[in-house]
Each structure stands twice: as structure tokens, then as C-alpha cells.
Amino acid sequence: MPVIPRPAASGPLRLRDFRLLLAGAAAGQLGAQVTLVALPLVAVLELNAPAFQVGLLTAAETAAFLLVGLPAGAWVDRMRKLPLMIRADVVRAVAMASIPLAAVAGVLTMVQLYVVALITGVATVFFDVAHQSFLPQLLPKDQLVPGNGALETIRSSAQVAGPGIGGGLVQVLGAALAIVADAAGYVLSALFLWAIKRPESRPEPRPEASLRQDIAEGLRFVFGHRLLRVIALTTGLANFFTAVLMATQSVFLVRVLGLAPGVVGLLLAASAVGGLAGALCAGRLAARLGQARIIWLSALVTGPFALLWPLSTPGAGAVLFALGSGVVFFGAVVYNVAQVSFRQALCPPRLLGRMNATLRFLMWGTLPLGALAGGALADAFGARVALVWCAAGFLAVPLPLLLSPLRRMRELPVTEQAEAGPSGTADPAEPASIG
């Protein structure tokens with residue numbers, strides 16, 4: 001039975017708690033997108049950091065996926081998800097608020113930026129794992145694709161509005177003070193989540209299971225399933241080269257193309273329109289073409305547009321950067337809606353946290369490595385050369401999908417047994433139920 005039947009007419013938006021989840025996502029994502037512009041500009045404009053230090057800052061933001069990615073899943077499976085998300089939002093708000101306070105006091109340094117990036121990254125790991133594990137408790141299986149599509153629409157809308165707002169705030173207030181918007185976004189997110197009333201029972205304690213055993217069970221589930229393995233490899237590869245882009249784009253746009261902060265924000269906002277379009281189209285594309293088919297098609301068709309990044313030139317030629325990003329982001333969002341919904345429907349509820357965390361460790365753990373590589377390439381050879389390597393990498397992203405069984409499938413199975421994992425055992429790939 002495929003994961004994606006056609007969405008019910010009423011849709012997930014009929015549920016008050018899901019609407020609150022969306023509102024929290026909107027507030028948090030909008031603030032985070034402001035910071036996506038403002039934080040590197042703090043380093044570039046206010047602290048005059050070289051390209052490698054900017055790459056190191058991007059690496060610090062994502063290093064938590066390597067540092068705590070695996071144990072986070074085991075811990076999340078032992079906790080109630082909603083209170084954990086609220087606490088993570090509070091931690092991120094406090095950490096971000098320290099940057100404008102230090103700037104006003106005249107004591108802001110790169111060391112503080114690294115520490116704040118690392119703290120918020122750890123909180124984000126726990127928030128994201130809990131968030132993806134909480135959604136199947138709110139929605140039935142046949143609403144996961146429209147539910148994830150709605151969340152991606154919110155995220156993509158924030159990617160459209162946030163950079164423009166962030167660039168404008170940097171232009172008016174300075175980069176450090178613009179980060180106040182991120183702290184406020186996390187506070188609002190926590191308040192919306194706090195208003196969710198759906199009862200959530202504490203997971204059954206399992207005193208006989210150690211943290212190591214729990215982590216191993218999550219690893220066996222992921223590595224024991226042939227489709228999850230290829231999704232992890234493909235997404236990890238894509239994220240590596242995405243991190244190269246994120247580590248170098250601010251340096252490229254400001255120092256190579258000579259753009260002002262406000263124009264940088266508008267350019268990134270224009271780029272994000274493609275992601276918004278992908279979120280709006282993902283469900284219909286999956287229903288028309290098949291959920292399995294759309295996963296590899298989205299990467300294959302849109303990846304070559306990454307070549308427009310290094311071809312961008314000062315002035316009107318900067319539009320090429322926005323066009324390349326818009327098409328690549330369109331494919332990325334369509335891909336994400338399809339593969340995340342598949343993972344949520346595939347996994348037994350008791351393993352959701354560990355499954356999501358294991359995949360985040362494998363797929364997002366490449367982000368700090370890509371950021372360091374991007375910073376090093378930009379420092380040694382220039383930001384444009386770094387973007388050439390980044391674009392070449394995006395051409396290779398679809399290869400694991402094209403060499404996998406996905407290429408011959410239309411829909412994704414949700415009841416097939418996982419193949420034997422490293423230990424020789426297998427977990428059944430049961431569909432998730434509503435808890």
C-alpha cells in the first residue's frame with residue numbers, strides 16, 4: 001500500500017493543535033531565516049572575519065548533528081516530545097539574545113558567535129528530532145504528506161520573507177541587532193507550542209535498555225532498510241554541498257559581487273521562492289508521478305541549475321544566483337516532503353526518535369564538514385572556485401538514487417520487512433500509528 005493516497009478533503013488544517021504547530025513553525029523559521037542572513041554578516045561586516053572563519057561559524061551551527069545526533073534520538077524516545085520542543089526554543093532564544101547584548105556592550109567576538117552557534121545547534125537537534133517524532137502523533141498516516149507539505153510551505157515562506165527582512169534589518173540596525181528578531185521568533189514558537197492541548201503520555205520506561213542499546217536499535221533499523229540507506233546517502237551528499245554553499249555565499253555576494261546587505265537579503269529571498277513553490281506542489285507531484293519516482297526525479301532535474309551560482313556576475317548578473325538557488329531549492333523541498341513522509345509512515349512509533357536522529361546524524365552530520373570544506377576552498381582559491389566545486393557536487397547527488405531500487409518504483413512500500421542490518425537482525429518496517 002503506498003504512503004500517499006490523495007489527501008482528504010478536510011486536510012490536517014482542521015485540527016487546532018496542528019494549526020498551533022504550524023504557527024510555532026512560522027515564528028521560529030522566520031527568526032531563523034533572519035539569522036541566516038544576519039549571523040554571517042556579523043562576522044563579515046562587523047568583525048571582518050576571513051572566509052575560513054565564516055565557514056567555521058557555519059560548521060559550529062551544524063556540528064551538533066555529529067556531536068549529539070545519535071544519543072539525541074534515544075533520549076527523545078524516552079521523553080515527551082512537546083515539553084522538550086518548548087525547552088529547546090527557550091534555550092535558543094536566550095543564546096541568540098546574547099549576541100545583540102554583547103554588541104551593544106562592545107564585547108562581541110568570534111568566540112561568542114561560535115559558542116552561540118554551537119548551543120543553538122544542540123538545541124535544534126533535540127527540537128527537530130522531537131518535532132518530526134511528534135507530527136505522527138497529531139496526524140493519521142494518510143495526512144502526513146499534506147501535513148509535511150504544510151510545514152514545508154511555512155518553512156519556504158519564511159525563507160522568502162526572512163532574508164529580505166533580515167537584510168533590511170542589517171541595513172538599518174546593523175547585523176548584530178538584527179538577530180533580536182531570531183530570539184523573538186523562538187519565544188513566539190515556544191508560546192504557540194505551549195498552547196497545544198493534545199495529551200501526550202510519557203513513553204513507557206525500559207530500565208533494562210541502556211543508552212547504547214537504544215542507539216544500536218536505531219542504527220539497525222536505518223541500516224537494515226535498503227531504501228532508508230540510499231535516502232541517507234543521497235541526503236548526506238546533498239547537505240555536504242549545501243553547506244559549502246552556505247559557508248561561501250555571504251562572502252561571494254558581498255566581496256565578489258559587491259552587493260549591499262539589503263540586496264543580499266532580497267536576493268536570498270528571491271532564491272527561496274523556488275522552495276515555496278516546491279512545498280505547494282510536492283503533494284500533487286507525488287500523487288501524479290508517484291512518491292518513489294518524485295524523489296529521484298526532483299534531484300535529477302533541478303541539480304544542474306547549481307551551475308548558475310559560479311556563473312553569477314556583479315550587477316544584473318547576480319540574478320543568475322537567485323535563479324539557480326530557486327530551482328535547486330524547489331527540487332530539495334519536493335524531495336524532502338516525499339522522503340520525510342515515507343520515513344514517518346514506515347517507522348514504528350517507539351523508534352521514531354531514534355530513526356529520525358540516526359538519519360539526522362548521517363544526513364546532517366555532513367553539514368559541518370561541508371562548511372569547513374567551503375570555507376577552506378574560498379580562503380585558498382576564492383569564493384567563486386568554491387561554488388564551482390559546490391555545483392559539481394550537486395550534479396552527483398542523484399547518482400545513489402539512480403543506482404538504487406527506487407528508480408524502478410512508483411510508490412514507496414510501508415509494510416516491507418527491513419533487510420538484515422549489521423548485527424544480522426532486522427526490525428519490521430511497520431507503519432506508524434497515532435499515539
# chains A, B, ... in the order shown; residues from 1 in each chain; ligands from 1

call {"tool": "closest_atom_pairs", "arguments": {"of": "segment 285-351 of chain A", "to": "segment 383-399 of chain A", "cutoff": "12 Å", "atoms": "only C-alpha atoms", "output": "tab-separated table"}}
result
residue	atom	partner	partner_atom	distance
A:Ile294	CA	A:Pro398	CA	11.7
A:Ile295	CA	A:Pro398	CA	9.2
A:Trp296	CA	A:Pro398	CA	6.3
A:Leu297	CA	A:Pro398	CA	8.3
A:Ser298	CA	A:Pro398	CA	8.8
A:Ala299	CA	A:Pro398	CA	5.6
A:Leu300	CA	A:Pro398	CA	5.5
A:Val301	CA	A:Pro398	CA	9.2
A:Thr302	CA	A:Phe394	CA	9.1
A:Gly303	CA	A:Phe394	CA	5.4
A:Pro304	CA	A:Leu395	CA	5.8
A:Phe305	CA	A:Ala391	CA	8.1
A:Ala306	CA	A:Ala391	CA	4.8
A:Leu307	CA	A:Ala391	CA	5.1
A:Leu308	CA	A:Ala391	CA	8.1
A:Trp309	CA	A:Leu387	CA	6.4
A:Pro310	CA	A:Arg384	CA	5.3
A:Leu311	CA	A:Arg384	CA	8.3
A:Ser312	CA	A:Arg384	CA	8.9
A:Thr313	CA	A:Arg384	CA	10.1
A:Phe321	CA	A:Leu387	CA	10.6
A:Gly324	CA	A:Ala391	CA	9.8
A:Ser325	CA	A:Ala391	CA	10.7
A:Val328	CA	A:Phe394	CA	9.0
A:Phe329	CA	A:Phe394	CA	11.7
A:Gly331	CA	A:Pro398	CA	11.3
A:Ala332	CA	A:Phe394	CA	11.0
A:Tyr335	CA	A:Pro398	CA	11.0

call {"tool": "closest_atom_pairs", "arguments": {"of": "segment 59-172 of chain A", "to": "segment 19-39 of chain A", "cutoff": "9 Å", "atoms": "only C-alpha atoms", "output": "CSV"}}
result
residue,atom,partner,partner_atom,distance
A:Asp89,CA,A:Gly28,CA,8.2
A:Leu113,CA,A:Leu39,CA,8.1
A:Leu135,CA,A:Leu21,CA,8.9
A:Ala150,CA,A:Leu22,CA,7.7
A:Leu151,CA,A:Leu22,CA,6.3
A:Ile154,CA,A:Ala26,CA,5.6
A:Arg155,CA,A:Gln29,CA,6.0
A:Ser156,CA,A:Gln29,CA,8.9
A:Ser157,CA,A:Leu30,CA,8.3
A:Ala158,CA,A:Leu30,CA,4.7
A:Gln159,CA,A:Gln33,CA,5.9
A:Val160,CA,A:Gln33,CA,8.7
A:Ala161,CA,A:Leu30,CA,7.3
A:Gly162,CA,A:Gln33,CA,4.8
A:Pro163,CA,A:Val34,CA,5.3
A:Gly164,CA,A:Val34,CA,7.9
A:Ile165,CA,A:Val34,CA,6.5
A:Gly166,CA,A:Val34,CA,4.2
A:Gly167,CA,A:Val37,CA,6.5
A:Leu169,CA,A:Ala38,CA,8.4
A:Val170,CA,A:Ala38,CA,6.5

call {"tool": "write_last_selection", "arguments": {"atoms": "C-alpha atoms", "output": "PDB file, in the first residue's frame"}}
result
ATOM      1  CA  ASP A  89      13.045  27.075  21.922  1.00  0.00           C
ATOM      2  CA  LEU A 113      29.489  33.623  17.858  1.00  0.00           C
ATOM      3  CA  LEU A 135       3.854  15.028  13.998  1.00  0.00           C
ATOM      4  CA  ALA A 150       2.097  22.483   5.041  1.00  0.00           C
ATOM      5  CA  LEU A 151       5.154  22.627   7.301  1.00  0.00           C
ATOM      6  CA  ILE A 154       5.671  27.579   6.207  1.00  0.00           C
ATOM      7  CA  ARG A 155       9.427  26.984   6.112  1.00  0.00           C
ATOM      8  CA  SER A 156       9.680  28.049   2.491  1.00  0.00           C
ATOM      9  CA  SER A 157       7.528  31.129   3.108  1.00  0.00           C
ATOM     10  CA  ALA A 158       9.906  32.072   5.906  1.00  0.00           C
ATOM     11  CA  GLN A 159      12.797  31.564   3.507  1.00  0.00           C
ATOM     12  CA  VAL A 160      11.137  34.033   1.142  1.00  0.00           C
ATOM     13  CA  ALA A 161      10.289  36.684   3.743  1.00  0.00           C
ATOM     14  CA  GLY A 162      13.081  36.154   6.286  1.00  0.00           C
ATOM     15  CA  PRO A 163      16.181  37.034   4.236  1.00  0.00           C
ATOM     16  CA  GLY A 164      14.579  40.216   2.909  1.00  0.00           C
ATOM     17  CA  ILE A 165      13.569  41.250   6.415  1.00  0.00           C
ATOM     18  CA  GLY A 166      16.996  40.240   7.703  1.00  0.00           C
ATOM     19  CA  GLY A 167      18.835  42.203   5.041  1.00  0.00           C
ATOM     20  CA  LEU A 169      17.258  44.991   9.489  1.00  0.00           C
ATOM     21  CA  VAL A 170      21.005  44.644   8.959  1.00  0.00           C
TER      22      VAL A 170
END

call {"tool": "atom_distance", "arguments": {"atom1": "atom CA of Phe240 of chain A", "atom2": "atom CA of Arg255 of chain A"}}
result
23.2 Å

call {"tool": "residues_around", "arguments": {"residues": "Val76 of chain A", "least_positions_apart": "3", "cutoff": "10 Å", "atoms": "only C-alpha atoms", "output": "list in words"}}
result
Pro71, Ala72, Gly73, Met79, Arg80, Lys81, Leu84, Phe126, Phe127, Val129, Ala130, Ser133, Pro203, Leu351, Leu352, Gly353, Arg354, Asn356 and Ala357 of chain A

call {"tool": "write_last_selection", "arguments": {"atoms": "C-alpha atoms", "output": "short mmCIF file (atom, residue, chain, number, x, y, z; two decimals), in the first residue's frame"}}
result
data_model
loop_
_atom_site.label_atom_id
_atom_site.label_comp_id
_atom_site.auth_asym_id
_atom_site.auth_seq_id
_atom_site.Cartn_x
_atom_site.Cartn_y
_atom_site.Cartn_z
CA PRO A 71 22.17 9.89 21.58
CA ALA A 72 19.56 12.63 20.99
CA GLY A 73 17.25 10.11 19.36
CA MET A 79 10.71 11.83 26.79
CA ARG A 80 7.50 13.62 25.98
CA LYS A 81 8.12 15.50 22.75
CA LEU A 84 11.21 19.11 25.00
CA PHE A 126 16.65 17.97 20.01
CA PHE A 127 13.89 20.24 18.67
CA VAL A 129 14.08 15.16 16.23
CA ALA A 130 11.20 15.73 18.66
CA SER A 133 8.53 12.40 16.00
CA PRO A 203 6.93 6.80 26.91
CA LEU A 351 11.51 4.07 17.25
CA LEU A 352 10.58 7.41 15.69
CA GLY A 353 13.03 9.47 17.74
CA ARG A 354 15.94 7.12 17.14
CA ASN A 356 14.94 10.44 12.91
CA ALA A 357 18.06 11.09 14.99
#

call {"tool": "closest_residue", "arguments": {"among": "A:Leu268, A:Ala243, A:Ala277, A:Leu173", "to": "Leu323 of chain A", "atoms": "only C-alpha atoms"}}
result
A:Leu268

call {"tool": "closest_residue", "arguments": {"among": "A:Gly258, A:Trp75, A:Gly290, A:Ala176", "to": "Ala105 of chain A", "atoms": "only C-alpha atoms"}}
result
A:Ala176

call {"tool": "atom_distance", "arguments": {"atom1": "atom CA of Val125 of chain A", "atom2": "atom CA of Leu253 of chain A"}}
result
28.9 Å

call {"tool": "residues_around", "arguments": {"residues": "Arg87 of chain A", "least_positions_apart": "3", "cutoff": "12 Å", "atoms": "only C-alpha atoms", "output": "PyMOL selection string"}}
result
chain A and resi 80-84+90-94+120+122-124+126-127+130+186-187+189-191+193-194

call {"tool": "closest_residue", "arguments": {"among": "A:Arg408, A:Arg360, A:Lys197, A:Arg202", "to": "Val340 of chain A", "atoms": "only C-alpha atoms"}}
result
A:Arg360

call {"tool": "closest_residue", "arguments": {"among": "A:Ala286, A:Leu372, A:Val256, A:Ala378", "to": "Ala318 of chain A", "atoms": "only C-alpha atoms"}}
result
A:Val256

call {"tool": "decode", "arguments": {"residues": "segment 363-377 of chain A", "atoms": "all heavy atoms", "output": "short mmCIF file (atom, residue, chain, number, x, y, z; two decimals), in the first residue's frame"}}
result
data_model
loop_
_atom_site.label_atom_id
_atom_site.label_comp_id
_atom_site.auth_asym_id
_atom_site.auth_seq_id
_atom_site.Cartn_x
_atom_site.Cartn_y
_atom_site.Cartn_z
N MET A 363 22.70 12.29 7.78
CA MET A 363 22.42 13.22 6.69
C MET A 363 22.88 14.64 7.01
O MET A 363 23.35 15.36 6.14
CB MET A 363 20.92 13.21 6.37
CG MET A 363 20.40 11.85 5.93
SD MET A 363 18.66 11.80 5.38
CE MET A 363 17.80 12.60 6.70
N TRP A 364 22.71 15.05 8.26
CA TRP A 364 23.07 16.41 8.66
C TRP A 364 24.47 16.48 9.24
O TRP A 364 25.03 17.57 9.38
CB TRP A 364 22.06 16.96 9.66
CG TRP A 364 20.71 17.24 9.06
CD1 TRP A 364 19.92 16.37 8.37
CD2 TRP A 364 20.00 18.48 9.10
NE1 TRP A 364 18.76 16.98 7.98
CE2 TRP A 364 18.77 18.28 8.42
CE3 TRP A 364 20.26 19.73 9.65
CZ2 TRP A 364 17.83 19.28 8.27
CZ3 TRP A 364 19.31 20.72 9.51
CH2 TRP A 364 18.11 20.50 8.82
N GLY A 365 25.03 15.32 9.59
CA GLY A 365 26.40 15.32 10.10
C GLY A 365 27.41 15.74 9.05
O GLY A 365 28.55 16.10 9.38
N THR A 366 27.01 15.72 7.78
CA THR A 366 27.90 16.18 6.72
C THR A 366 27.95 17.71 6.63
O THR A 366 28.82 18.26 5.96
CB THR A 366 27.46 15.62 5.36
OG1 THR A 366 26.13 16.06 5.08
CG2 THR A 366 27.50 14.10 5.35
N LEU A 367 27.01 18.40 7.29
CA LEU A 367 26.95 19.86 7.18
C LEU A 367 28.20 20.55 7.71
O LEU A 367 28.77 21.40 7.02
CB LEU A 367 25.70 20.39 7.89
CG LEU A 367 24.37 20.13 7.19
CD1 LEU A 367 23.20 20.48 8.11
CD2 LEU A 367 24.26 20.93 5.90
N PRO A 368 28.67 20.24 8.94
CA PRO A 368 29.90 20.92 9.39
C PRO A 368 31.10 20.59 8.52
O PRO A 368 31.97 21.45 8.32
CB PRO A 368 30.08 20.42 10.83
CG PRO A 368 29.27 19.19 10.93
CD PRO A 368 28.12 19.37 9.99
N LEU A 369 31.15 19.37 7.97
CA LEU A 369 32.26 19.01 7.10
C LEU A 369 32.22 19.84 5.81
O LEU A 369 33.24 20.33 5.33
CB LEU A 369 32.21 17.51 6.77
CG LEU A 369 32.19 16.57 7.97
CD1 LEU A 369 32.09 15.12 7.51
CD2 LEU A 369 33.44 16.76 8.83
N GLY A 370 31.01 19.99 5.25
CA GLY A 370 30.87 20.80 4.05
C GLY A 370 31.17 22.27 4.30
O GLY A 370 31.78 22.94 3.46
N ALA A 371 30.77 22.77 5.48
CA ALA A 371 31.05 24.17 5.81
C ALA A 371 32.55 24.42 5.93
O ALA A 371 33.07 25.43 5.44
CB ALA A 371 30.34 24.54 7.11
N LEU A 372 33.26 23.50 6.58
CA LEU A 372 34.71 23.64 6.70
C LEU A 372 35.37 23.55 5.32
O LEU A 372 36.30 24.32 5.01
CB LEU A 372 35.27 22.55 7.63
CG LEU A 372 34.92 22.70 9.11
CD1 LEU A 372 35.43 21.49 9.88
CD2 LEU A 372 35.51 23.98 9.69
N ALA A 373 34.90 22.62 4.49
CA ALA A 373 35.46 22.50 3.14
C ALA A 373 35.20 23.76 2.33
O ALA A 373 36.09 24.25 1.62
CB ALA A 373 34.86 21.27 2.45
N GLY A 374 33.99 24.30 2.44
CA GLY A 374 33.67 25.52 1.70
C GLY A 374 34.51 26.70 2.15
O GLY A 374 35.04 27.46 1.32
N GLY A 375 34.66 26.86 3.48
CA GLY A 375 35.48 27.94 3.98
C GLY A 375 36.94 27.81 3.56
O GLY A 375 37.58 28.80 3.18
N ALA A 376 37.45 26.58 3.59
CA ALA A 376 38.85 26.35 3.20
C ALA A 376 39.05 26.62 1.71
O ALA A 376 40.04 27.24 1.30
CB ALA A 376 39.26 24.92 3.55
N LEU A 377 38.12 26.14 0.88
CA LEU A 377 38.23 26.38 -0.57
C LEU A 377 38.16 27.87 -0.89
O LEU A 377 38.93 28.38 -1.70
CB LEU A 377 37.10 25.65 -1.30
CG LEU A 377 37.27 24.14 -1.51
CD1 LEU A 377 35.98 23.53 -2.01
CD2 LEU A 377 38.41 23.85 -2.49
#
